[in-house]
$ cat my_file09.cif   # mmCIF, C-alpha atoms
data_run
loop_
_atom_site.label_atom_id
_atom_site.label_comp_id
_atom_site.auth_asym_id
_atom_site.auth_seq_id
_atom_site.Cartn_x
_atom_site.Cartn_y
_atom_site.Cartn_z
CA MET A 20 -40.07 -63.30 -67.73
CA LYS A 21 -36.99 -62.29 -69.69
CA ARG A 22 -38.97 -62.82 -72.86
CA TYR A 23 -41.33 -60.01 -71.90
CA VAL A 24 -38.57 -57.61 -71.08
CA ALA A 25 -36.95 -58.38 -74.39
CA PHE A 26 -40.26 -58.01 -76.16
CA PHE A 27 -40.71 -54.52 -74.80
CA SER A 28 -37.24 -53.42 -75.59
CA VAL A 29 -37.50 -54.41 -79.24
CA LEU A 30 -40.87 -52.79 -79.78
CA THR A 31 -40.49 -50.19 -82.45
CA LEU A 32 -41.51 -46.70 -81.64
CA ILE A 33 -43.33 -45.82 -84.82
CA PHE A 34 -43.85 -42.28 -83.81
CA THR A 35 -43.87 -40.44 -80.59
CA ILE A 36 -45.57 -37.16 -80.12
CA SER A 37 -44.11 -35.23 -77.29
CA ALA A 38 -46.38 -32.80 -75.55
CA ASN A 39 -43.47 -31.43 -73.67
CA THR A 40 -40.72 -29.82 -75.67
CA ALA A 41 -38.77 -29.00 -72.53
CA LYS A 42 -38.09 -32.72 -72.22
CA GLN A 43 -35.60 -32.66 -75.05
CA GLU A 44 -33.63 -29.84 -73.46
CA GLY A 45 -31.95 -30.07 -70.13
CA TYR A 46 -28.87 -31.51 -68.53
CA GLU A 47 -27.39 -34.92 -68.56
CA VAL A 48 -25.02 -36.25 -65.95
CA GLY A 49 -21.60 -34.74 -66.62
CA ASP A 50 -22.94 -31.43 -67.93
CA TYR A 51 -22.26 -28.14 -66.16
CA ALA A 52 -25.30 -26.60 -64.52
CA THR A 53 -26.14 -22.94 -64.56
CA ASP A 54 -26.46 -20.84 -61.43
CA PHE A 55 -29.66 -18.87 -60.88
CA ASN A 56 -31.08 -15.99 -58.94
CA LEU A 57 -34.56 -16.87 -57.73
CA GLU A 58 -36.79 -15.50 -55.02
CA GLY A 59 -37.15 -17.61 -51.90
CA VAL A 60 -39.84 -17.89 -49.24
CA ASP A 61 -37.95 -15.42 -47.04
CA GLY A 62 -38.37 -12.76 -49.72
CA LYS A 63 -34.68 -12.79 -50.66
CA LYS A 64 -33.16 -13.76 -53.96
CA VAL A 65 -30.96 -16.84 -53.75
CA SER A 66 -28.07 -17.95 -55.98
CA LEU A 67 -25.90 -21.02 -55.64
CA SER A 68 -22.87 -18.71 -55.58
CA ASP A 69 -24.17 -17.36 -52.24
CA TYR A 70 -23.17 -20.65 -50.64
CA GLU A 71 -19.45 -20.07 -50.53
CA ASP A 72 -18.63 -23.08 -48.37
CA ALA A 73 -20.76 -25.55 -50.27
CA GLU A 74 -19.04 -28.51 -51.91
CA GLY A 75 -22.12 -29.13 -54.00
CA PHE A 76 -25.91 -29.03 -53.96
CA ILE A 77 -28.96 -31.20 -53.82
CA VAL A 78 -31.23 -29.22 -56.13
CA ILE A 79 -34.80 -30.53 -55.95
CA PHE A 80 -37.64 -29.41 -58.20
CA THR A 81 -40.64 -29.89 -55.95
CA CYS A 82 -43.89 -28.21 -55.06
CA ASN A 83 -46.72 -27.81 -52.56
CA THR A 84 -49.42 -29.63 -54.44
CA CYS A 85 -48.13 -32.90 -55.89
CA PRO A 86 -48.97 -35.96 -53.75
CA TYR A 87 -45.55 -37.47 -54.47
CA ALA A 88 -43.80 -34.25 -53.50
CA LYS A 89 -45.72 -34.30 -50.23
CA MET A 90 -44.80 -37.92 -49.61
CA TYR A 91 -41.14 -37.02 -50.04
CA GLU A 92 -41.29 -33.79 -48.02
CA GLN A 93 -40.01 -35.23 -44.74
CA ARG A 94 -37.25 -37.03 -46.60
CA ILE A 95 -36.20 -33.77 -48.26
CA ILE A 96 -36.10 -32.03 -44.88
CA LYS A 97 -33.99 -34.89 -43.54
CA LEU A 98 -31.59 -34.75 -46.49
CA HIS A 99 -30.95 -31.09 -45.78
CA LYS A 100 -30.42 -31.75 -42.06
CA THR A 101 -27.99 -34.54 -42.85
CA TYR A 102 -26.00 -32.94 -45.64
CA ALA A 103 -26.15 -29.13 -45.27
CA ASP A 104 -23.41 -29.12 -42.63
CA LYS A 105 -21.38 -31.53 -44.70
CA GLY A 106 -21.36 -29.09 -47.61
CA TYR A 107 -24.30 -30.34 -49.66
CA PRO A 108 -27.38 -28.27 -48.82
CA VAL A 109 -30.80 -28.85 -50.35
CA VAL A 110 -32.03 -26.06 -52.59
CA ALA A 111 -35.67 -26.58 -53.54
CA ILE A 112 -37.22 -24.94 -56.58
CA ASN A 113 -40.95 -24.81 -57.22
CA PRO A 114 -41.30 -24.93 -61.00
CA ASN A 115 -45.08 -24.73 -61.29
CA CYS A 116 -46.96 -21.88 -62.89
CA SER A 117 -48.98 -20.45 -59.98
CA GLU A 118 -51.75 -19.30 -62.30
CA ARG A 119 -52.36 -22.89 -63.34
CA SER A 120 -51.66 -24.26 -59.89
CA PRO A 121 -52.74 -21.66 -57.29
CA GLY A 122 -51.55 -23.92 -54.45
CA ASP A 123 -48.02 -23.23 -55.65
CA SER A 124 -48.12 -19.43 -55.32
CA MET A 125 -45.40 -17.70 -53.32
CA SER A 126 -47.78 -17.07 -50.41
CA GLU A 127 -48.72 -20.77 -50.29
CA MET A 128 -45.05 -21.71 -50.53
CA LYS A 129 -44.30 -19.46 -47.56
CA LYS A 130 -47.07 -21.11 -45.53
CA ARG A 131 -45.88 -24.61 -46.37
CA ALA A 132 -42.24 -23.84 -45.58
CA GLN A 133 -43.22 -22.35 -42.24
CA GLU A 134 -45.66 -25.09 -41.23
CA LYS A 135 -43.22 -27.86 -42.03
CA GLY A 136 -40.06 -26.06 -40.93
CA PHE A 137 -38.28 -26.60 -44.22
CA GLY A 138 -34.86 -25.29 -43.17
CA PHE A 139 -33.68 -25.20 -46.77
CA ALA A 140 -34.13 -22.52 -49.43
CA TYR A 141 -37.48 -22.89 -51.20
CA LEU A 142 -37.45 -20.83 -54.39
CA GLN A 143 -39.92 -20.00 -57.09
CA ASP A 144 -38.96 -20.27 -60.75
CA GLU A 145 -41.48 -17.78 -62.01
CA THR A 146 -40.25 -17.66 -65.61
CA GLN A 147 -39.62 -21.45 -65.59
CA ASP A 148 -36.34 -20.73 -67.40
CA ILE A 149 -34.22 -22.59 -64.84
CA THR A 150 -36.57 -25.57 -64.86
CA LYS A 151 -36.24 -25.72 -68.64
CA ALA A 152 -32.48 -25.26 -68.54
CA TYR A 153 -32.15 -28.16 -66.09
CA GLY A 154 -34.70 -30.24 -67.97
CA ALA A 155 -36.86 -31.12 -64.97
CA THR A 156 -40.10 -32.84 -65.95
CA ASN A 157 -41.63 -33.99 -62.69
CA THR A 158 -41.99 -33.08 -59.08
CA PRO A 159 -40.02 -34.17 -57.16
CA HIS A 160 -37.01 -34.31 -59.49
CA VAL A 161 -33.49 -34.24 -58.03
CA TYR A 162 -30.26 -32.84 -59.54
CA ILE A 163 -27.11 -33.32 -57.50
CA LEU A 164 -24.41 -30.83 -58.39
CA ASP A 165 -20.77 -31.24 -57.50
CA LYS A 166 -18.68 -28.07 -57.20
CA GLU A 167 -15.32 -28.30 -58.91
CA ASN A 168 -12.29 -26.32 -57.79
CA SER A 169 -12.98 -23.81 -60.53
CA GLY A 170 -16.39 -23.23 -58.98
CA LYS A 171 -18.19 -24.87 -61.88
CA LEU A 172 -21.14 -27.07 -60.98
CA LYS A 173 -21.10 -30.49 -62.53
CA VAL A 174 -24.27 -32.58 -62.64
CA ALA A 175 -23.52 -35.81 -60.76
CA TYR A 176 -26.96 -37.37 -60.45
CA ILE A 177 -30.45 -36.92 -61.89
CA GLY A 178 -33.56 -38.72 -60.67
CA THR A 179 -35.56 -39.85 -57.71
CA ILE A 180 -34.77 -39.83 -53.98
CA ASP A 181 -35.13 -43.52 -53.14
CA ASN A 182 -36.89 -46.67 -54.28
CA ASN A 183 -40.07 -46.57 -52.21
CA TYR A 184 -42.27 -43.52 -52.55
CA LYS A 185 -44.89 -44.83 -50.15
CA ASP A 186 -42.78 -45.70 -47.17
CA ALA A 187 -39.40 -44.17 -46.39
CA ASP A 188 -38.63 -46.94 -43.90
CA LYS A 189 -39.11 -49.61 -46.53
CA ALA A 190 -36.87 -47.97 -49.12
CA ASN A 191 -33.68 -50.00 -49.40
CA VAL A 192 -31.89 -48.06 -52.12
CA HIS A 193 -31.27 -44.41 -51.28
CA TYR A 194 -30.06 -42.94 -54.56
CA VAL A 195 -29.52 -39.38 -53.36
CA GLN A 196 -27.80 -40.33 -50.09
CA ASP A 197 -25.61 -42.85 -51.89
CA ALA A 198 -24.65 -40.26 -54.51
CA VAL A 199 -23.76 -37.54 -52.00
CA ASP A 200 -21.88 -40.00 -49.78
CA ALA A 201 -19.89 -41.10 -52.81
CA LEU A 202 -19.06 -37.51 -53.79
CA MET A 203 -17.95 -36.70 -50.25
CA GLN A 204 -15.58 -39.64 -50.29
CA GLY A 205 -14.31 -38.80 -53.75
CA ASN A 206 -15.84 -41.94 -55.22
CA SER A 207 -17.90 -42.26 -58.35
CA VAL A 208 -21.68 -42.11 -57.92
CA PRO A 209 -23.04 -45.69 -57.94
CA GLU A 210 -26.20 -44.91 -59.89
CA THR A 211 -26.25 -41.63 -61.80
CA ASN A 212 -29.68 -41.77 -63.46
CA THR A 213 -33.01 -42.97 -62.16
CA LYS A 214 -36.60 -42.33 -63.05
CA ALA A 215 -39.44 -41.53 -60.73
CA ILE A 216 -43.11 -41.21 -61.17
CA GLY A 217 -44.27 -37.76 -60.24
CA CYS A 218 -46.57 -34.96 -61.22
CA THR A 219 -46.01 -33.17 -64.47
CA ILE A 220 -44.70 -29.66 -64.15
CA LYS A 221 -47.49 -27.16 -64.67
CA TRP A 222 -46.08 -25.13 -67.56
CA LYS A 223 -47.34 -21.67 -68.33
CA MET A 224 -49.90 -21.57 -71.09
CA SER A 225 -48.14 -20.29 -74.16
CA MET B 72 -53.68 -71.26 -59.48
CA LYS B 73 -54.40 -68.11 -61.44
CA LYS B 74 -57.67 -69.56 -62.61
CA LEU B 75 -58.67 -70.35 -59.07
CA LEU B 76 -57.83 -66.85 -58.04
CA PHE B 77 -59.88 -65.53 -60.92
CA ILE B 78 -62.91 -67.57 -59.94
CA PHE B 79 -62.47 -66.46 -56.38
CA CYS B 80 -62.35 -62.80 -57.36
CA PHE B 81 -65.20 -63.22 -59.77
CA SER B 82 -67.47 -64.87 -57.23
CA GLY B 83 -66.68 -61.96 -54.94
CA LEU B 84 -68.68 -59.74 -57.25
CA PHE B 85 -71.86 -61.53 -56.40
CA PHE B 86 -71.43 -61.90 -52.68
CA ASN B 87 -69.91 -58.55 -52.03
CA GLY B 88 -72.31 -55.66 -52.18
CA LYS B 89 -69.54 -53.07 -51.84
CA ALA B 90 -67.73 -51.22 -54.62
CA GLN B 91 -66.32 -53.53 -57.24
CA ASP B 92 -62.68 -54.25 -56.63
CA ILE B 93 -59.91 -53.55 -59.10
CA PRO B 94 -57.30 -56.28 -59.64
CA SER B 95 -53.79 -55.44 -58.43
CA TYR B 96 -50.75 -56.31 -60.51
CA SER B 97 -47.04 -56.36 -59.98
CA PHE B 98 -45.19 -54.86 -62.95
CA GLU B 99 -44.29 -58.32 -64.27
CA GLU B 100 -47.93 -59.36 -64.13
CA LEU B 101 -49.05 -56.17 -65.82
CA GLU B 102 -46.46 -56.61 -68.55
CA GLU B 103 -47.75 -60.11 -69.16
CA LYS B 104 -51.33 -58.85 -69.28
CA ILE B 105 -50.42 -56.07 -71.74
CA ILE B 106 -48.68 -58.50 -74.05
CA THR B 107 -51.45 -61.09 -73.94
CA GLU B 108 -54.18 -58.49 -74.47
CA SER B 109 -52.33 -56.79 -77.32
CA GLU B 110 -51.92 -60.05 -79.21
CA GLU B 111 -55.66 -60.28 -79.64
CA ARG B 112 -56.56 -56.70 -80.67
CA ALA B 113 -55.37 -53.11 -80.66
CA LEU B 114 -54.56 -52.13 -77.09
CA VAL B 115 -54.52 -48.64 -75.58
CA VAL B 116 -52.97 -48.49 -72.10
CA ASN B 117 -53.46 -45.27 -70.18
CA PHE B 118 -51.55 -44.57 -66.95
CA TRP B 119 -53.52 -42.35 -64.61
CA ALA B 120 -54.33 -41.59 -60.99
CA THR B 121 -57.30 -40.01 -59.24
CA TRP B 122 -55.12 -37.15 -57.93
CA CYS B 123 -53.86 -36.26 -61.42
CA ALA B 124 -56.15 -33.53 -62.78
CA PRO B 125 -55.15 -33.78 -66.47
CA CYS B 126 -55.62 -37.57 -66.27
CA ILE B 127 -59.17 -37.19 -64.97
CA LYS B 128 -59.87 -34.67 -67.69
CA GLU B 129 -58.88 -37.03 -70.48
CA LEU B 130 -60.39 -40.24 -69.01
CA PRO B 131 -63.80 -39.68 -70.67
CA TYR B 132 -62.06 -39.69 -74.06
CA PHE B 133 -60.62 -43.13 -73.33
CA GLU B 134 -64.01 -44.25 -72.10
CA SER B 135 -65.56 -43.13 -75.35
CA LEU B 136 -62.96 -45.21 -77.23
CA THR B 137 -64.19 -48.25 -75.35
CA GLU B 138 -67.71 -47.45 -76.52
CA ALA B 139 -66.72 -46.55 -80.07
CA TYR B 140 -64.83 -49.75 -80.92
CA ALA B 141 -65.94 -53.34 -80.88
CA PRO B 142 -64.25 -55.24 -78.03
CA ASP B 143 -62.47 -57.55 -80.46
CA LYS B 144 -61.02 -54.58 -82.39
CA LEU B 145 -59.71 -52.32 -79.68
CA LYS B 146 -59.38 -52.44 -75.94
CA VAL B 147 -58.64 -49.71 -73.42
CA LEU B 148 -56.78 -50.59 -70.23
CA LEU B 149 -56.68 -47.90 -67.54
CA VAL B 150 -53.76 -48.50 -65.18
CA SER B 151 -54.17 -46.66 -61.90
CA LEU B 152 -50.99 -45.45 -60.21
CA ASP B 153 -52.88 -44.23 -57.17
CA MET B 154 -51.12 -44.44 -53.83
CA ASP B 155 -54.24 -45.82 -52.24
CA LYS B 156 -56.09 -48.38 -54.35
CA GLU B 157 -59.38 -47.63 -52.61
CA ARG B 158 -59.47 -44.21 -54.26
CA ALA B 159 -59.34 -45.79 -57.69
CA VAL B 160 -62.01 -48.34 -56.70
CA LYS B 161 -64.32 -45.55 -55.53
CA PHE B 162 -63.60 -43.46 -58.60
CA LYS B 163 -64.38 -46.34 -60.90
CA GLU B 164 -67.67 -46.92 -59.11
CA LYS B 165 -68.63 -43.25 -59.07
CA LYS B 166 -67.83 -42.64 -62.74
CA LYS B 167 -69.12 -46.09 -63.76
CA LEU B 168 -65.99 -46.70 -65.83
CA GLN B 169 -66.60 -49.19 -68.60
CA SER B 170 -62.97 -49.74 -69.61
CA ASP B 171 -60.83 -52.40 -67.95
CA VAL B 172 -59.16 -50.88 -64.88
CA ALA B 173 -56.01 -52.30 -63.28
CA TYR B 174 -54.08 -51.19 -60.22
CA LEU B 175 -50.32 -51.26 -60.43
CA ASP B 176 -49.04 -52.23 -57.01
CA GLU B 177 -45.42 -51.05 -57.24
CA VAL B 178 -43.45 -48.52 -55.22
CA ASP B 179 -40.16 -48.54 -57.13
CA PHE B 180 -40.97 -46.75 -60.37
CA ASN B 181 -37.37 -46.60 -61.47
CA LYS B 182 -37.53 -50.37 -61.87
CA TRP B 183 -40.18 -50.40 -64.60
CA ILE B 184 -40.73 -47.00 -66.27
CA ASP B 185 -38.09 -47.62 -68.93
CA LYS B 186 -39.69 -50.95 -69.78
CA ILE B 187 -42.88 -49.17 -70.84
CA SER B 188 -40.86 -46.61 -72.80
CA PRO B 189 -37.36 -45.18 -72.46
CA ASP B 190 -38.95 -41.87 -73.51
CA TRP B 191 -41.13 -41.75 -70.43
CA SER B 192 -39.98 -39.21 -67.86
CA GLY B 193 -42.25 -40.78 -65.28
CA ALA B 194 -44.93 -38.11 -65.34
CA ILE B 195 -48.59 -38.91 -65.90
CA PRO B 196 -50.80 -38.95 -67.87
CA ALA B 197 -48.99 -41.28 -70.24
CA THR B 198 -50.39 -43.59 -72.89
CA LEU B 199 -49.04 -46.66 -74.65
CA MET B 200 -50.58 -48.09 -77.79
CA ILE B 201 -49.69 -51.58 -78.98
CA SER B 202 -50.86 -53.25 -82.17
CA PRO B 203 -51.35 -57.03 -82.50
CA GLU B 204 -48.23 -57.02 -84.71
CA GLY B 205 -46.24 -55.82 -81.73
CA ASN B 206 -45.64 -52.23 -82.79
CA SER B 207 -45.94 -49.65 -80.07
CA SER B 208 -46.26 -45.94 -79.70
CA PHE B 209 -45.81 -44.00 -76.50
CA TYR B 210 -47.26 -40.61 -75.67
CA GLU B 211 -46.46 -38.62 -72.55
CA GLY B 212 -48.88 -35.86 -71.71
CA GLU B 213 -52.54 -35.05 -72.00
CA PHE B 214 -54.67 -35.72 -75.06
CA THR B 215 -57.58 -33.71 -76.35
CA LYS B 216 -60.35 -35.95 -77.64
CA GLU B 217 -59.43 -35.09 -81.23
CA GLU B 218 -55.74 -35.85 -80.64
CA LEU B 219 -56.54 -39.19 -79.06
CA TYR B 220 -58.80 -40.27 -81.92
CA GLU B 221 -56.31 -39.01 -84.47
CA GLN B 222 -53.52 -40.96 -82.81
CA VAL B 223 -55.61 -44.13 -82.64
CA LYS B 224 -56.56 -43.81 -86.29
CA ARG B 225 -53.02 -43.19 -87.43
CA PHE B 226 -51.46 -45.83 -85.30
CA PHE B 227 -53.91 -48.65 -85.69
CA ASN B 228 -55.00 -47.58 -89.15
CA LYS B 229 -58.61 -47.78 -88.19
CA THR B 230 -61.40 -45.45 -89.07
CA ASP B 231 -64.10 -46.35 -86.59
#

$ encode --input "my_file09.cif" --output "structure tokens"
Amino acid sequence: MKRYVAFFSVLTLIFTISANTAKQEGYEVGDYATDFNLEGVDGKKVSLSDYEDAEGFIVIFTCNTCPYAKMYEQRIIKLHKTYADKGYPVVAINPNCSERSPGDSMSEMKKRAQEKGFGFAYLQDETQDITKAYGATNTPHVYILDKENSGKLKVAYIGTIDNNYKDADKANVHYVQDAVDALMQGNSVPETNTKAIGCTIKWKMS
Amino acid sequence: MKKLLFIFCFSGLFFNGKAQDIPSYSFEELEEKIITESEERALVVNFWATWCAPCIKELPYFESLTEAYAPDKLKVLLVSLDMDKERAVKFKEKKKLQSDVAYLDEVDFNKWIDKISPDWSGAIPATLMISPEGNSSFYEGEFTKEELYEQVKRFFNKTD
């Protein structure tokens, strides 16, 4: 089986056309993340600087409409319940253009948050500037930020929530939990980058 | 063993009046299939799912590739990443898909996405082209029909 893995890794990429220029931008682990000021489902604008007591954040680009986002919804709610009091709240950002994806409009976001009892801030990135700055490509897409003493927010993890999208109980590697636990204990994050299948972000038509 | 399984599956077609099944693969099995298939002819692998609107939109273009090229020149493999395989089976039946359809039975995407292409963010649609010489090209995002044909021509150096 090794042969196949090797075969794939030596394949030459003759040319790659990227449909998504935002992919080249965005943060890598170790970069400092920007704060934002985005409208939430309670009608108020939310910034990370509003959370004075936070030690960091679990920023999740997610939405109402993507089947994977829905499958991870309960896990996102649970992450917030587990870590908000410990200083790492979930802040969810819906990156989708609501004209292209009407199910992701602010009114639909409000409904969803209420029905499911989100508990965390659920914000809309109407201009998609923050999504581009972070470099999110899929929903759900997680960025864990660690707040330094200076108040700067360092990206500590980028990727998926765990290793089984279908069944939370069967997941046996919990990337986000492991990363936050490590940060809380002052340890280095065991796995800082993962990839997850998800839905493409619905970018505005240019 | 594999042969036996194949015969078993194949005979199922005749005795089973229901929708035609789609074979399930682990990533290792799929990788093996991709390599074997690509050694014989140009191979276009498209990753899709029934819930993915842009994937459904571009599927007819891949289907038309299957019709446009002789089977020994170019093959299209549609790899369904559906959560529920039955949806892909029904879709295939409804749309009468002519291309080879496979179901990837994996839940840990982080384990294999990089092996298809390190450039893949994990979003679909995504398409991999492999020539019999072993060269590959990866494309993330949706194709128009023209773009797909253009890419096939450029990559495989074929005109029809």

$ closest_residue --input "my_file09.cif" --among "B:Cys123, B:Ala173, B:Ala139, B:Leu149" --to "Tyr87 in chain A" --atoms "all atoms listed in the file"
B:Cys123

$ resolve_selection --input "my_file09.cif" --expression "the PyMOL selection byres ((chain A and resi 195) around 10)" --output "VMD selection string"
chain A and resid 77 98 161 to 163 176 to 181 192 to 194 196 to 201 208 210 to 211

$ write_last_selection --input "my_file09.cif" --atoms "C-alpha atoms" --output "PDB file, keeping the file's coordinate frame"
ATOM      1  CA  ILE A  77     -28.960 -31.200 -53.820  1.00  0.00           C
ATOM      2  CA  LEU A  98     -31.590 -34.750 -46.490  1.00  0.00           C
ATOM      3  CA  VAL A 161     -33.490 -34.240 -58.030  1.00  0.00           C
ATOM      4  CA  TYR A 162     -30.260 -32.840 -59.540  1.00  0.00           C
ATOM      5  CA  ILE A 163     -27.110 -33.320 -57.500  1.00  0.00           C
ATOM      6  CA  TYR A 176     -26.960 -37.370 -60.450  1.00  0.00           C
ATOM      7  CA  ILE A 177     -30.450 -36.920 -61.890  1.00  0.00           C
ATOM      8  CA  GLY A 178     -33.560 -38.720 -60.670  1.00  0.00           C
ATOM      9  CA  THR A 179     -35.560 -39.850 -57.710  1.00  0.00           C
ATOM     10  CA  ILE A 180     -34.770 -39.830 -53.980  1.00  0.00           C
ATOM     11  CA  ASP A 181     -35.130 -43.520 -53.140  1.00  0.00           C
ATOM     12  CA  VAL A 192     -31.890 -48.060 -52.120  1.00  0.00           C
ATOM     13  CA  HIS A 193     -31.270 -44.410 -51.280  1.00  0.00           C
ATOM     14  CA  TYR A 194     -30.060 -42.940 -54.560  1.00  0.00           C
ATOM     15  CA  GLN A 196     -27.800 -40.330 -50.090  1.00  0.00           C
ATOM     16  CA  ASP A 197     -25.610 -42.850 -51.890  1.00  0.00           C
ATOM     17  CA  ALA A 198     -24.650 -40.260 -54.510  1.00  0.00           C
ATOM     18  CA  VAL A 199     -23.760 -37.540 -52.000  1.00  0.00           C
ATOM     19  CA  ASP A 200     -21.880 -40.000 -49.780  1.00  0.00           C
ATOM     20  CA  ALA A 201     -19.890 -41.100 -52.810  1.00  0.00           C
ATOM     21  CA  VAL A 208     -21.680 -42.110 -57.920  1.00  0.00           C
ATOM     22  CA  GLU A 210     -26.200 -44.910 -59.890  1.00  0.00           C
ATOM     23  CA  THR A 211     -26.250 -41.630 -61.800  1.00  0.00           C
TER      24      THR A 211
END

$ interface_residues --input "my_file09.cif" --of "chain B" --to "chain A" --cutoff "6 Å" --atoms "only C-alpha atoms" --output "tab-separated table (two decimals) with C-alpha atoms, in the coordinates of the input"
chain	number	residue	atom	x	y	z
B	178	VAL	CA	-43.45	-48.52	-55.22
B	179	ASP	CA	-40.16	-48.54	-57.13
B	180	PHE	CA	-40.97	-46.75	-60.37
B	181	ASN	CA	-37.37	-46.60	-61.47
B	193	GLY	CA	-42.25	-40.78	-65.28
B	194	ALA	CA	-44.93	-38.11	-65.34
B	206	ASN	CA	-45.64	-52.23	-82.79
B	207	SER	CA	-45.94	-49.65	-80.07
B	208	SER	CA	-46.26	-45.94	-79.70
B	209	PHE	CA	-45.81	-44.00	-76.50
B	210	TYR	CA	-47.26	-40.61	-75.67
B	212	GLY	CA	-48.88	-35.86	-71.71

$ residues_around --input "my_file09.cif" --residues "range 214-216 of chain B" --least-positions-apart "4" --cutoff "8 Å" --atoms "only C-alpha atoms" --output "PDB file with C-alpha atoms, keeping the file's coordinate frame"
ATOM      1  CA  GLU B 129     -58.880 -37.030 -70.480  1.00  0.00           C
ATOM      2  CA  TYR B 132     -62.060 -39.690 -74.060  1.00  0.00           C
ATOM      3  CA  TYR B 220     -58.800 -40.270 -81.920  1.00  0.00           C
TER       4      TYR B 220
END

$ resolve_selection --input "my_file09.cif" --expression "the PyMOL selection byres ((chain A and resi 138) around 12)" --output "list of chain:residue names"
A:Gly59, A:Val60, A:Asp61, A:Glu92, A:Gln93, A:Ile95, A:Ile96, A:Lys97, A:Leu98, A:His99, A:Lys100, A:Thr101, A:Tyr102, A:Ala103, A:Pro108, A:Val109, A:Val110, A:Ala111, A:Lys129, A:Arg131, A:Ala132, A:Gln133, A:Glu134, A:Lys135, A:Gly136, A:Phe137, A:Phe139, A:Ala140, A:Tyr141

$ atom_distance --input "my_file09.cif" --atom1 "CA of Glu47 in chain A" --atom2 "CA of Ser124 in chain A"
29.1 Å

$ closest_residue --input "my_file09.cif" --among "B:Phe226, B:Phe118, B:Tyr96, B:Trp191" --to "Tyr174 in chain B" --atoms "all atoms listed in the file"
B:Tyr96

$ atom_distance --input "my_file09.cif" --atom1 "CA of Asp50 in chain A" --atom2 "CA of Lys173 in chain A"
5.8 Å

$ atom_distance --input "my_file09.cif" --atom1 "CA of Arg112 in chain B" --atom2 "CA of Glu213 in chain B"
23.7 Å

$ closest_residue --input "my_file09.cif" --among "A:Lys221, A:Lys64, A:His160, A:Lys171" --to "Cys116 in chain A" --atoms "all atoms listed in the file"
A:Lys221

$ resolve_selection --input "my_file09.cif" --expression "the PyMOL selection byres ((chain A and resi 114) around 7)" --output "mmCIF file with C-alpha atoms, in the coordinates of the input"
data_model
loop_
_atom_site.group_PDB
_atom_site.id
_atom_site.type_symbol
_atom_site.label_atom_id
_atom_site.label_comp_id
_atom_site.auth_asym_id
_atom_site.auth_seq_id
_atom_site.Cartn_x
_atom_site.Cartn_y
_atom_site.Cartn_z
ATOM 1 C CA PHE A 80 -37.640 -29.410 -58.200
ATOM 2 C CA ILE A 112 -37.220 -24.940 -56.580
ATOM 3 C CA ASN A 113 -40.950 -24.810 -57.220
ATOM 4 C CA ASN A 115 -45.080 -24.730 -61.290
ATOM 5 C CA CYS A 116 -46.960 -21.880 -62.890
ATOM 6 C CA GLN A 143 -39.920 -20.000 -57.090
ATOM 7 C CA ASP A 144 -38.960 -20.270 -60.750
ATOM 8 C CA GLN A 147 -39.620 -21.450 -65.590
ATOM 9 C CA THR A 150 -36.570 -25.570 -64.860
ATOM 10 C CA ILE A 220 -44.700 -29.660 -64.150
#

$ residues_around --input "my_file09.cif" --residues "Lys144 in chain B" --least-positions-apart "4" --cutoff "12 Å" --atoms "all atoms listed in the file" --output "list in words"
Glu108, Ser109, Glu110, Glu111, Arg112, Ala113, Leu114, Val115, Leu136, Thr137, Glu138, Ala139, Tyr140, Ser202, Pro203, Val223, Phe227, Asn228, Lys229, Thr230 and Asp231 of chain B

$ residues_around --input "my_file09.cif" --residues "Ala73 in chain A" --least-positions-apart "5" --cutoff "9 Å" --atoms "only C-alpha atoms" --output "PDB file with C-alpha atoms, in the frame of the given file"
ATOM      1  CA  LEU A  67     -25.900 -21.020 -55.640  1.00  0.00           C
ATOM      2  CA  SER A  68     -22.870 -18.710 -55.580  1.00  0.00           C
ATOM      3  CA  ALA A 103     -26.150 -29.130 -45.270  1.00  0.00           C
ATOM      4  CA  ASP A 104     -23.410 -29.120 -42.630  1.00  0.00           C
ATOM      5  CA  LYS A 105     -21.380 -31.530 -44.700  1.00  0.00           C
ATOM      6  CA  GLY A 106     -21.360 -29.090 -47.610  1.00  0.00           C
ATOM      7  CA  TYR A 107     -24.300 -30.340 -49.660  1.00  0.00           C
ATOM      8  CA  PRO A 108     -27.380 -28.270 -48.820  1.00  0.00           C
ATOM      9  CA  LYS A 166     -18.680 -28.070 -57.200  1.00  0.00           C
TER      10      LYS A 166
END

$ closest_residue --input "my_file09.cif" --among "A:Thr84, A:Gly170, A:Pro159, A:Pro121" --to "Ser192 in chain B" --atoms "only C-alpha atoms"
A:Pro159

$ residues_around --input "my_file09.cif" --residues "Lys166 in chain B" --least-positions-apart "4" --cutoff "10 Å" --atoms "only C-alpha atoms" --output "compact mmCIF listing (two decimals) with C-alpha atoms, in the frame of the given file"
# COMPACT_ATOMS: atom_id res chain seq x y z
CA PRO B 131 -63.80 -39.68 -70.67
CA LYS B 161 -64.32 -45.55 -55.53
CA PHE B 162 -63.60 -43.46 -58.60
